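Student: Encoded as structure tokens, here's the structure I'll be asking about.
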Amino acid sequence: MLLTLFGYIRTPVQTVLVLSTVLCLFVGAVFRYAYQGLNSLMLMPNEFLGGIILHPITALLTGLFLAGGLKASGGFEALKVLLRYLRKSPLGLVGTLVILINLPVISSLPCGRILAAALLPLLFTFGFEGGLGLLTKAQLVVLIGAFTRNAMGSCGPSPIGGVGQIAEGFLGSFFATASDGILRAPQAFSLMLGTAVVALFLKMVSQKLYPDDVALRDAPVSSPGQRRMEPEITAPLEGYLALVVFVISLLIAIFQPFGKMPVQSVLVAGALLMIVVCRIRLTDLLEGIILLPVTAMAAGFLAAGALAATGGFNALGVLLNSLVNIPFLGVAGMLAIFVQFQTILPLSCARILTAALVPVLYLFGPAKFGFLDWSQLAIVMAAYIINATTSCGPSPLGGGGMMGEGTMRAETGFIKGAYTFASMAIMAPMAAIYMKFLNLSIFQPSDPRFLGDIVTIGEFALVIAAVNILFISVGSSIFSGNASKNFVVQLTGFLFSGAIGGGILAFALFEHNIWAILQGTAGGIFAATLIGLMVPKVLSRRMTATLSGPEV
Amino acid sequence: MTWIIFAFVGILSGAIIAWALDMNSPKELMQGAMGGLIAGLMMSAMLPH
């Protein structure tokens, strides 16, 4: 996987994952037969298939199915007309764009790709090449990048099969109402703030580091007296009907007013209703399905199933547990690394590793190792889950962020720095702070400390945002034409932010224990080093080498 | 309380996004903050209280 992440293996990620699965199963089978006998070997296929999670794949397929209907019936045209009215309201263009960017986390679908597939083509139209010409190339890059960031984290707080529900299930061992969504608010809060910082990072860092790696075009310079005409947009009646069906389907899927039912059933029913009401063809709906993320997810889950069956994740848990014995890391440092693990190793879907590592994290609590009490476990779960759930965004292995890069015509890796920085420096520490100072009081009513704690969250949000914006600004002012120097500057910024993030996490867990905060800081630096080193120094040459071979 | 904290983060993130989009006149920053406020309140409405 690492060789693929760094571009040394030049085959599709799906192929690599399937080959890894086969190899893993073969090695696992040999060891099982040698150490546990034939019966254990016979059980392995069942364990392998049981480890494969199908829910997100089917949710993605049905979401894309419904979005295909919206596209075929003119629903996007109807949305453009509505957005034009909203733009002319007191909110203006920018207020409308801010709502659009945050729409994924508000709707909280089980996979961010669903809404991204539906709305990214719409965002593209705001630029010159899309027709509306309302935004410049630089603005469009920020808009698409921020929206995709928000979308590729929105599966975390989803109440309908979201990633966070995996951890909420474990926290239910102590917090009686955890399944009502104990992790949703911390994730949503930190994702909104993190999205804003991503927008800033894309404007001030990514576009400076990779100025020639976005193929979008600006409008040609017109003469001063020439007035730009906005093209007239009209939508058919079927488009409005399809939009209504789409919104109603989403609301039913989220709020479940008719009782609990699978989100897939709701979305397929909505798609069928679209076929009848809007008179579209089944093939139109099928055209909405994007195969790359579906196959990448399927291959990823195959690999995860194989690792689960052969004990690979258990070995990973043991390895992470052994970090506790390193003096300068300890429990706080190990946890600071653990919560960043999925950003260090971003896969095509967060669920692949989350399903494997949350049980390991749970064992750090009172259930086994006793490193943490229940409140501390909830805090570290909040930090871990938002970091994990946003990890599909920067993944070059068919991650959701590639949809944004494709829409902005950027090279693979363009958004990686922005996405990983925000996950590491903003989202993980803010989720921990939110959980500590507000959500625990809600889900553990015996500890109500509302008002003062809300002010504390506000202060932390302001300070964390301000410090990281300062780092981004300073870095932006230092960048030059030297890619190696820029890389070092960026890595330095990552290290400082990682240190602060690790320290804040340790503070949220162990409060004024200075030694723990220092250990958390050390862990944060270690994690930030790994994350920062994975951000590509240059894009075009790397991609050219990947695609054409080293001789080019 | 969740309403208040999400209104706050919505306003903050809306203003930052507006600035990142090069829309940094006082009116545009205010519009961005208002958009963020609406987004924050909508998000809060979706959460358990």
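Simple scheme: letters A, B, ... for chains in structure tokens order, numbers from 1 for residues in each chain, numbers from 1 for ligands in the order shown.
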Residues near A:Val488, anyone? I mean within 12 Å using only C-alpha atoms, not counting same-chain ones fewer than 6 positions away, as a PyMOL selection string.

Tutor: chain A and resi 209+475+478-480+482+494-495+529+532-533+535-537

Student: Dump as a PyMOL selection string the residues of chain A that approach chain B to within 9 Å, counting only C-alpha atoms.

Tutor: chain A and resi 90-100+102-103+105-108+135+138-140+142-143+146+180-182+184-185+188-190+192-204+254-255+438-439+442+450-451+454-455+457-458+461-462

Student: Using C-alpha atoms, can you export the residues from the last selection as a compact mmCIF listing (two decimals), in the first residue's frame?

Tutor:
```txt
# COMPACT_ATOMS: atom_id res chain seq x y z
CA PRO A 90 -29.64 39.47 0.91
CA LEU A 91 -27.35 36.46 1.37
CA GLY A 92 -25.70 37.21 -1.95
CA LEU A 93 -23.35 34.93 -3.84
CA VAL A 94 -20.93 34.35 -1.00
CA GLY A 95 -23.60 33.47 1.57
CA THR A 96 -25.09 31.01 -0.91
CA LEU A 97 -21.68 29.45 -1.53
CA VAL A 98 -21.03 29.06 2.22
CA ILE A 99 -24.33 27.17 2.59
CA LEU A 100 -23.51 25.06 -0.47
CA ASN A 102 -21.64 23.05 4.23
CA LEU A 103 -24.57 21.23 2.62
CA VAL A 105 -22.41 17.90 6.62
CA ILE A 106 -25.92 19.27 7.11
CA SER A 107 -27.45 16.45 5.05
CA SER A 108 -24.99 13.90 6.54
CA LEU A 135 -15.94 32.90 -10.11
CA ALA A 138 -8.63 30.61 -7.98
CA GLN A 139 -12.07 31.04 -6.39
CA LEU A 140 -13.41 27.94 -8.10
CA VAL A 142 -11.28 27.02 -3.26
CA LEU A 143 -15.01 26.40 -3.69
CA ALA A 146 -13.75 23.14 0.38
CA ASP A 180 -28.45 8.66 19.73
CA GLY A 181 -25.30 10.25 18.33
CA ILE A 182 -22.73 10.99 21.03
CA ARG A 184 -22.14 13.50 15.83
CA ALA A 185 -21.87 17.04 17.25
CA ALA A 188 -19.91 18.27 12.70
CA PHE A 189 -18.45 21.13 14.74
CA SER A 190 -14.85 20.36 13.85
CA MET A 192 -17.30 23.01 9.74
CA LEU A 193 -14.25 24.77 11.17
CA GLY A 194 -11.87 22.45 9.34
CA THR A 195 -13.62 23.10 6.03
CA ALA A 196 -13.00 26.83 6.44
CA VAL A 197 -9.31 26.25 7.14
CA VAL A 198 -9.09 23.98 4.08
CA ALA A 199 -10.49 26.83 1.98
CA LEU A 200 -7.80 29.11 3.34
CA PHE A 201 -5.05 26.53 2.84
CA LEU A 202 -6.09 25.98 -0.79
CA LYS A 203 -6.02 29.73 -1.42
CA MET A 204 -2.75 30.53 0.34
CA ILE A 254 -31.97 11.12 7.37
CA PHE A 255 -34.93 11.61 9.73
CA LEU A 438 -19.93 20.12 26.04
CA ASN A 439 -21.00 16.72 24.77
CA ILE A 442 -25.19 16.28 27.47
CA PHE A 450 -22.76 24.12 30.51
CA LEU A 451 -22.19 27.86 30.29
CA ILE A 454 -19.31 26.75 26.03
CA VAL A 455 -17.10 29.81 26.43
CA ILE A 457 -14.99 25.73 23.47
CA GLY A 458 -15.33 29.12 21.77
CA ALA A 461 -11.91 27.28 18.50
CA LEU A 462 -10.69 30.85 18.10
```

Student: Rounded to one decimal, what separation in Å do you get between atom CA of A:Trp374 and atom CA of A:Ile504?

Tutor: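 These two atoms are separated by 18.6 Å.
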
Student: Find the residues around stretch 414-418 of chain A up to 9 Å (only C-alpha atoms counted), leave out those fewer than 4 positions away in its own chain, and share them as a PyMOL selection string.

Tutor: chain A and resi 145+149+197-202+205-207+210+213-214+393-396+401-402+404-405+410+422-423+490+531-532+534-536+539

Student: Enter the distance from atom CA of A:Leu320 to atom CA of A:Trp515, in Å, rounded to one decimal.

Tutor: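 Answer for the atom CA of A:Leu320 to atom CA of A:Trp515 separation: 20.0 Å.
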
Student: Please identify the helix (DSSP H, G or I) residues within chain B (assignment by DSSP from backbone atoms) and present them as a VMD selection string.

Tutor: chain B and resid 2 to 20 26 to 45

Student: In Å, with one decimal, what is the gap from atom CA of A:Ala67 to atom CA of A:Met274?

Tutor: 10.4 Å
